[in-house]
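Participant: First the structure, which I've put down as structure tokens, then a few questions once you've had a look.
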Amino acid sequence: MRALFLIDGEHYPPVVTTAMRSVEGSLGAKGVAAAFLGGTEKLKEGTDYGVPLVKAKDPVSAVGKALQEYEIEVVVDLSDEPVVGYRERMRIASLVLAAGARYRGSDFDFRPPEYHQVSTKPSLAVIGTGKRVGKTAVSGYFARLLSKNGFAPGVVSMGRGGPPEPEVIRGDEMEVGSRYLLEALEKGAHAASDYYETAALSRVVTVGCRRCGGGLAGEPFVSNVLEGGKLANGLSTKVTLFDGSGTAVPPVAVGGRVLVAGAYQDPEYISGFLGAYRLLISDLLLLTMSEEPLAGEEKVRSIAEAVREVRPDLQVVPVIFRPRPVGEVRGLKVAYLSTAPGAILDKLCKHLEEEYGCEVVAASGSLSDRRRLDLELEEMRGLGVEAYLTEIKAAAVDVVTRRGAKEGKPVFYCDNDPVVATGDVAGEEDSLDEALLKLAQKVAGERGGVG
């Protein structure tokens with residue numbers, strides 16, 4: 001293996017060179033360069049480490065420069081504090097993994113996730129920095145946009161509640177409504193899984209897959225996504241869109257990735273730790289929920305600036321979500337059920353009333369908390385609820401849809417459409433649709449188009 005050593009001037013050079021030779025022997029590696037991370041205490045002028053020395057303004061830049069200049073398979077860290085600390089090492093790990101190399105230290109060994117060449121069609125992925133950042137809503141929106149523009153997409157959805165064997169739902173050919181979802185529930189399926197949501201709300205062909213566990217860099221511990229990707233190859237679609245799960249990344253090679261992060265998140269979870277790795281492997285960042293009271297303009301701006309420290313060239317588009325009923329709710333008194341934070345519910349209810357002509361007589365953000373949801377639904381009795389309007393998340397089917405069927409009240413499903421946040425915090429010129437389509441066209445062009 002071609003090795004890059006990370007060294008510093010706090011170690012006595014003969015100790016470092018001896019360690020390098022020892023590592024080469026134990027790993028069967030050949031040192032081709034060393035990145036000098038800093039420190040001067042034990043460094044002498046003209047010290048020769050036996051390999052080319054790469055220097056830069058700071059430790060992370062030195063590693064990045066070395067990775068660009070040399071073909072590296074493993075990076076061996078022989079440095080230590082005070083030259084590098086926890087934060088710097090996580091940035092270094094992100095750089096190394098994004099370059100497709102291993103990062104090894106005395107008591108750690110990071111290996112890059114393996115992305116398998118599965119798709120025979122132009123392919124894209126939507127990945128996230130956490131649960132409930134709006135990743136599936138973005139995937140569904142992207143799928144609808146691709147469909148409107150002649151890309152004929154199919155979605156491979158990876159979820160924690162997916163089927164034991166990849167399952168195709170022809171959302172482009174049939175209505176996936178409350179009756180269909182209740183039947184799926186009775187058969188033992190998690191009928192609010194992401195692939196049901198996408199098929200129902202975006203009306204595209206969807207392949208449902210499952211995963212369990214997720215590594216620091218996003219590799220699932222177990223998944224059947226590779227089988228799902230192969231199944232998608234045989235569908236009458238032109239582009240395959242892989243939908244991630246939480247922070248887990250579909251283990252497939254794709255032509256482009258859209259990263260979805262929540263502006264309400266701790267900024268370090270987006271640009272620090274191995275969030276930086278996700279920035280480095282992505283082509284576009286959507287910063288969701290970029291509005292008060294979830295995230296003010298100053299926080300959105302600070303996140304965008306932190307992102308640019310990791311990826312200066314990455315386009316950042318701040319967006320907000322607004323509910324869109326799939327069905328006619330005008331004139332109805334509805335109960336709106338969501339996973340949205342309570343602080344934003346009033347805005348969403350007002351939007352529903354102004355844009356879709358319904359009266360929201362009750363609202364809850366407790367879809368993911370069944371006990372609390374049951375209590376709140378009971379409290380809604382006597383409020384004149386004529387229909388339920390719910391996202392397809394968590395307890396949407398087994399609690400809300402069942403309740404509607406029992407009470408003889410219609411259940412309408414609701415999507416969340418991303419809309420570019422006002423104020424243009426990140427200063428990007430492209431609209432959301434333009435940015436997404438530009439990426440899709442680039443990917444399709446590299447694979448010879450979609451015709």
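Every chain in the structure tokens takes a letter, A first, then B, and so on in the order presented; its residues are numbered from 1, and the ligands are numbered from 1 following the presented order.
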So that I can check the surroundings of Val207 of chain A, please list as a ChimeraX atom specification every protein, DNA and RNA residue that reaches within 12 Å of it, counting only C-alpha atoms and ignoring chain neighbours fewer than 3 positions away.
Facilitator: /A:153-159,162-163,165-171,193-199,204,210,224-235,237,240-243
Participant: Which residues are close to segment 385-388 of chain A, i.e. within 8 Å by only C-alpha atoms, leaving aside same-chain residues fewer than 3 positions away? Reply as a list in words.
Facilitator: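 These residues fall inside the cut-off: Leu332, Lys333, Val334, Ala335, Tyr336, Leu337, Val361, Ala362, Met380, Arg381, Gly382, Val400, Gly404, Lys409, Pro410, Val411 and Phe412 of chain A.
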Participant: Using only C-alpha atoms, find the one residue out of A:His116, A:Arg301, A:Arg2, A:Arg144 that sits nearest to Glu24 of chain A.
Facilitator: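 Among A:His116, A:Arg301, A:Arg2, A:Arg144, it is A:Arg2 that comes nearest to Glu24 of chain A.
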Participant: Would you mind listing what lies within 7 Å of segment 178-183 of chain A as an MDAnalysis selection string, with only C-alpha atoms counted and same-chain residues fewer than 6 positions away left out?
Facilitator: chainID A and resid 191 397 401 411
Participant: Take the selection from the previous step and output its residues with N, CA and C atoms, as a short mmCIF file (atom, residue, chain, number, x, y, z; two decimals), in the first residue's frame.
Facilitator:
```cif
data_model
loop_
_atom_site.label_atom_id
_atom_site.label_comp_id
_atom_site.auth_asym_id
_atom_site.auth_seq_id
_atom_site.Cartn_x
_atom_site.Cartn_y
_atom_site.Cartn_z
N ALA A 191 -46.16 0.54 7.12
CA ALA A 191 -46.82 1.23 6.00
C ALA A 191 -46.52 2.72 5.96
N VAL A 397 -50.20 5.78 9.72
CA VAL A 397 -51.09 4.73 9.23
C VAL A 397 -51.71 3.95 10.38
N THR A 401 -54.61 6.85 10.33
CA THR A 401 -55.45 6.30 9.26
C THR A 401 -56.45 5.30 9.81
N VAL A 411 -59.17 10.45 5.38
CA VAL A 411 -57.79 10.75 5.75
C VAL A 411 -57.06 11.21 4.49
#
```
Participant: Can you tell me how far atom CA of Glu353 of chain A sits from atom CA of Pro325 of chain A, in Å to one decimal?
Facilitator: 11.1 Å
Participant: Can you pull out every residue within 9 Å of Asp398 of chain A, counting only C-alpha atoms, but drop anything in the same chain fewer than 4 positions away, and send it as a list in words?
Facilitator: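 Here the answer would be Leu182, Leu185, His190, Ala191, Ala192, Ala394, Arg402 and Arg403 of chain A.
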Participant: With C-alpha atoms retained, write the just-selected residues as a short mmCIF file (atom, residue, chain, number, x, y, z; two decimals), in the first residue's frame.
Facilitator:
```cif
data_model
loop_
_atom_site.label_atom_id
_atom_site.label_comp_id
_atom_site.auth_asym_id
_atom_site.auth_seq_id
_atom_site.Cartn_x
_atom_site.Cartn_y
_atom_site.Cartn_z
CA LEU A 182 -54.07 -0.08 5.68
CA LEU A 185 -50.27 -2.56 7.53
CA HIS A 190 -44.34 -0.65 8.18
CA ALA A 191 -46.82 1.23 6.00
CA ALA A 192 -45.38 4.65 6.87
CA ALA A 394 -44.29 7.19 12.04
CA ARG A 402 -56.95 3.54 11.39
CA ARG A 403 -58.70 6.13 13.51
#
```
Participant: May I have the residues within 12 Å of Lys30 of chain A as a list of chain:residue names, using only C-alpha atoms and disregarding those fewer than 6 positions away in the same chain?
Facilitator: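 What passes the distance filter is A:Met1, A:Arg2, A:Ala3, A:Leu4, A:Phe5, A:Met20, A:Arg21, A:Ser22, A:Val23, A:Glu24, A:Gly50, A:Val51, A:Glu71, A:Ile72, A:Glu73, A:Val74, A:Val75, A:Val76.
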Participant: Output N, CA, C and O atoms of each residue in that selection to a file, as a PDB file, in the first residue's frame.
Facilitator:
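Produced file again_6.pdb, reproduced below:
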```pdb
ATOM      1  N   MET A   1       0.832  -1.204   0.000  1.00  0.00           N
ATOM      2  CA  MET A   1       0.000   0.000   0.000  1.00  0.00           C
ATOM      3  C   MET A   1       0.864   1.251   0.000  1.00  0.00           C
ATOM      4  O   MET A   1       1.886   1.297   0.669  1.00  0.00           O
ATOM      5  N   ARG A   2       0.407   2.259  -0.710  1.00  0.00           N
ATOM      6  CA  ARG A   2       1.097   3.554  -0.744  1.00  0.00           C
ATOM      7  C   ARG A   2       0.629   4.359   0.470  1.00  0.00           C
ATOM      8  O   ARG A   2      -0.551   4.667   0.608  1.00  0.00           O
ATOM      9  N   ALA A   3       1.586   4.681   1.346  1.00  0.00           N
ATOM     10  CA  ALA A   3       1.253   5.298   2.628  1.00  0.00           C
ATOM     11  C   ALA A   3       1.692   6.758   2.701  1.00  0.00           C
ATOM     12  O   ALA A   3       2.740   7.143   2.174  1.00  0.00           O
ATOM     13  N   LEU A   4       0.852   7.561   3.355  1.00  0.00           N
ATOM     14  CA  LEU A   4       1.178   8.928   3.712  1.00  0.00           C
ATOM     15  C   LEU A   4       1.293   8.979   5.231  1.00  0.00           C
ATOM     16  O   LEU A   4       0.369   8.566   5.942  1.00  0.00           O
ATOM     17  N   PHE A   5       2.409   9.462   5.744  1.00  0.00           N
ATOM     18  CA  PHE A   5       2.594   9.580   7.182  1.00  0.00           C
ATOM     19  C   PHE A   5       2.285  11.010   7.621  1.00  0.00           C
ATOM     20  O   PHE A   5       2.659  11.970   6.948  1.00  0.00           O
ATOM     21  N   MET A  20       8.098   5.052  11.369  1.00  0.00           N
ATOM     22  CA  MET A  20       7.683   4.904   9.969  1.00  0.00           C
ATOM     23  C   MET A  20       8.129   3.564   9.408  1.00  0.00           C
ATOM     24  O   MET A  20       7.363   2.861   8.743  1.00  0.00           O
ATOM     25  N   ARG A  21       9.388   3.189   9.680  1.00  0.00           N
ATOM     26  CA  ARG A  21       9.895   1.909   9.168  1.00  0.00           C
ATOM     27  C   ARG A  21       9.146   0.738   9.802  1.00  0.00           C
ATOM     28  O   ARG A  21       8.845  -0.252   9.135  1.00  0.00           O
ATOM     29  N   SER A  22       8.814   0.870  11.090  1.00  0.00           N
ATOM     30  CA  SER A  22       8.074  -0.184  11.778  1.00  0.00           C
ATOM     31  C   SER A  22       6.682  -0.360  11.185  1.00  0.00           C
ATOM     32  O   SER A  22       6.217  -1.478  10.952  1.00  0.00           O
ATOM     33  N   VAL A  23       6.012   0.772  10.921  1.00  0.00           N
ATOM     34  CA  VAL A  23       4.659   0.719  10.339  1.00  0.00           C
ATOM     35  C   VAL A  23       4.700   0.108   8.939  1.00  0.00           C
ATOM     36  O   VAL A  23       3.847  -0.699   8.568  1.00  0.00           O
ATOM     37  N   GLU A  24       5.689   0.488   8.151  1.00  0.00           N
ATOM     38  CA  GLU A  24       5.814  -0.073   6.802  1.00  0.00           C
ATOM     39  C   GLU A  24       5.910  -1.594   6.865  1.00  0.00           C
ATOM     40  O   GLU A  24       5.276  -2.312   6.079  1.00  0.00           O
ATOM     41  N   GLY A  50      13.289  10.840   5.023  1.00  0.00           N
ATOM     42  CA  GLY A  50      13.411   9.753   4.067  1.00  0.00           C
ATOM     43  C   GLY A  50      12.325   9.717   3.012  1.00  0.00           C
ATOM     44  O   GLY A  50      12.337   8.857   2.125  1.00  0.00           O
ATOM     45  N   VAL A  51      11.367  10.641   3.077  1.00  0.00           N
ATOM     46  CA  VAL A  51      10.305  10.743   2.073  1.00  0.00           C
ATOM     47  C   VAL A  51      10.041  12.223   1.826  1.00  0.00           C
ATOM     48  O   VAL A  51      10.399  13.076   2.662  1.00  0.00           O
ATOM     49  N   GLU A  71      -0.807   9.608  -4.901  1.00  0.00           N
ATOM     50  CA  GLU A  71      -1.828   8.566  -4.858  1.00  0.00           C
ATOM     51  C   GLU A  71      -1.634   7.785  -3.565  1.00  0.00           C
ATOM     52  O   GLU A  71      -0.671   7.045  -3.408  1.00  0.00           O
ATOM     53  N   ILE A  72      -2.577   7.951  -2.651  1.00  0.00           N
ATOM     54  CA  ILE A  72      -2.435   7.396  -1.309  1.00  0.00           C
ATOM     55  C   ILE A  72      -3.518   6.353  -1.045  1.00  0.00           C
ATOM     56  O   ILE A  72      -4.698   6.566  -1.344  1.00  0.00           O
ATOM     57  N   GLU A  73      -3.122   5.243  -0.455  1.00  0.00           N
ATOM     58  CA  GLU A  73      -4.076   4.198  -0.081  1.00  0.00           C
ATOM     59  C   GLU A  73      -4.332   4.147   1.419  1.00  0.00           C
ATOM     60  O   GLU A  73      -5.410   3.749   1.849  1.00  0.00           O
ATOM     61  N   VAL A  74      -3.329   4.534   2.210  1.00  0.00           N
ATOM     62  CA  VAL A  74      -3.508   4.554   3.656  1.00  0.00           C
ATOM     63  C   VAL A  74      -2.756   5.747   4.231  1.00  0.00           C
ATOM     64  O   VAL A  74      -1.636   6.053   3.819  1.00  0.00           O
ATOM     65  N   VAL A  75      -3.411   6.439   5.167  1.00  0.00           N
ATOM     66  CA  VAL A  75      -2.796   7.554   5.878  1.00  0.00           C
ATOM     67  C   VAL A  75      -2.541   7.105   7.309  1.00  0.00           C
ATOM     68  O   VAL A  75      -3.476   6.674   8.005  1.00  0.00           O
ATOM     69  N   VAL A  76      -1.300   7.164   7.744  1.00  0.00           N
ATOM     70  CA  VAL A  76      -0.914   6.705   9.080  1.00  0.00           C
ATOM     71  C   VAL A  76      -0.549   7.919   9.926  1.00  0.00           C
ATOM     72  O   VAL A  76       0.367   8.672   9.588  1.00  0.00           O
TER      73      VAL A  76
END
```
Participant: Ranking A:Asn416, A:Ser245, A:Ser202, A:Ser282 by minimum distance to Pro323 of chain A and counting only C-alpha atoms, which one comes first?
Facilitator: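 With only C-alpha atoms as the atom set, the closest residue is A:Asn416.
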Participant: Taking the backbone alone, and naming residues the way the document does, which bits of segment 117-327 of chain A are strand (DSSP E) by DSSP, as a PyMOL selection string?
Facilitator: chain A and resi 123-128+153-159+167-170+205-212+222-223+239-243+256-262+284-288+315-326
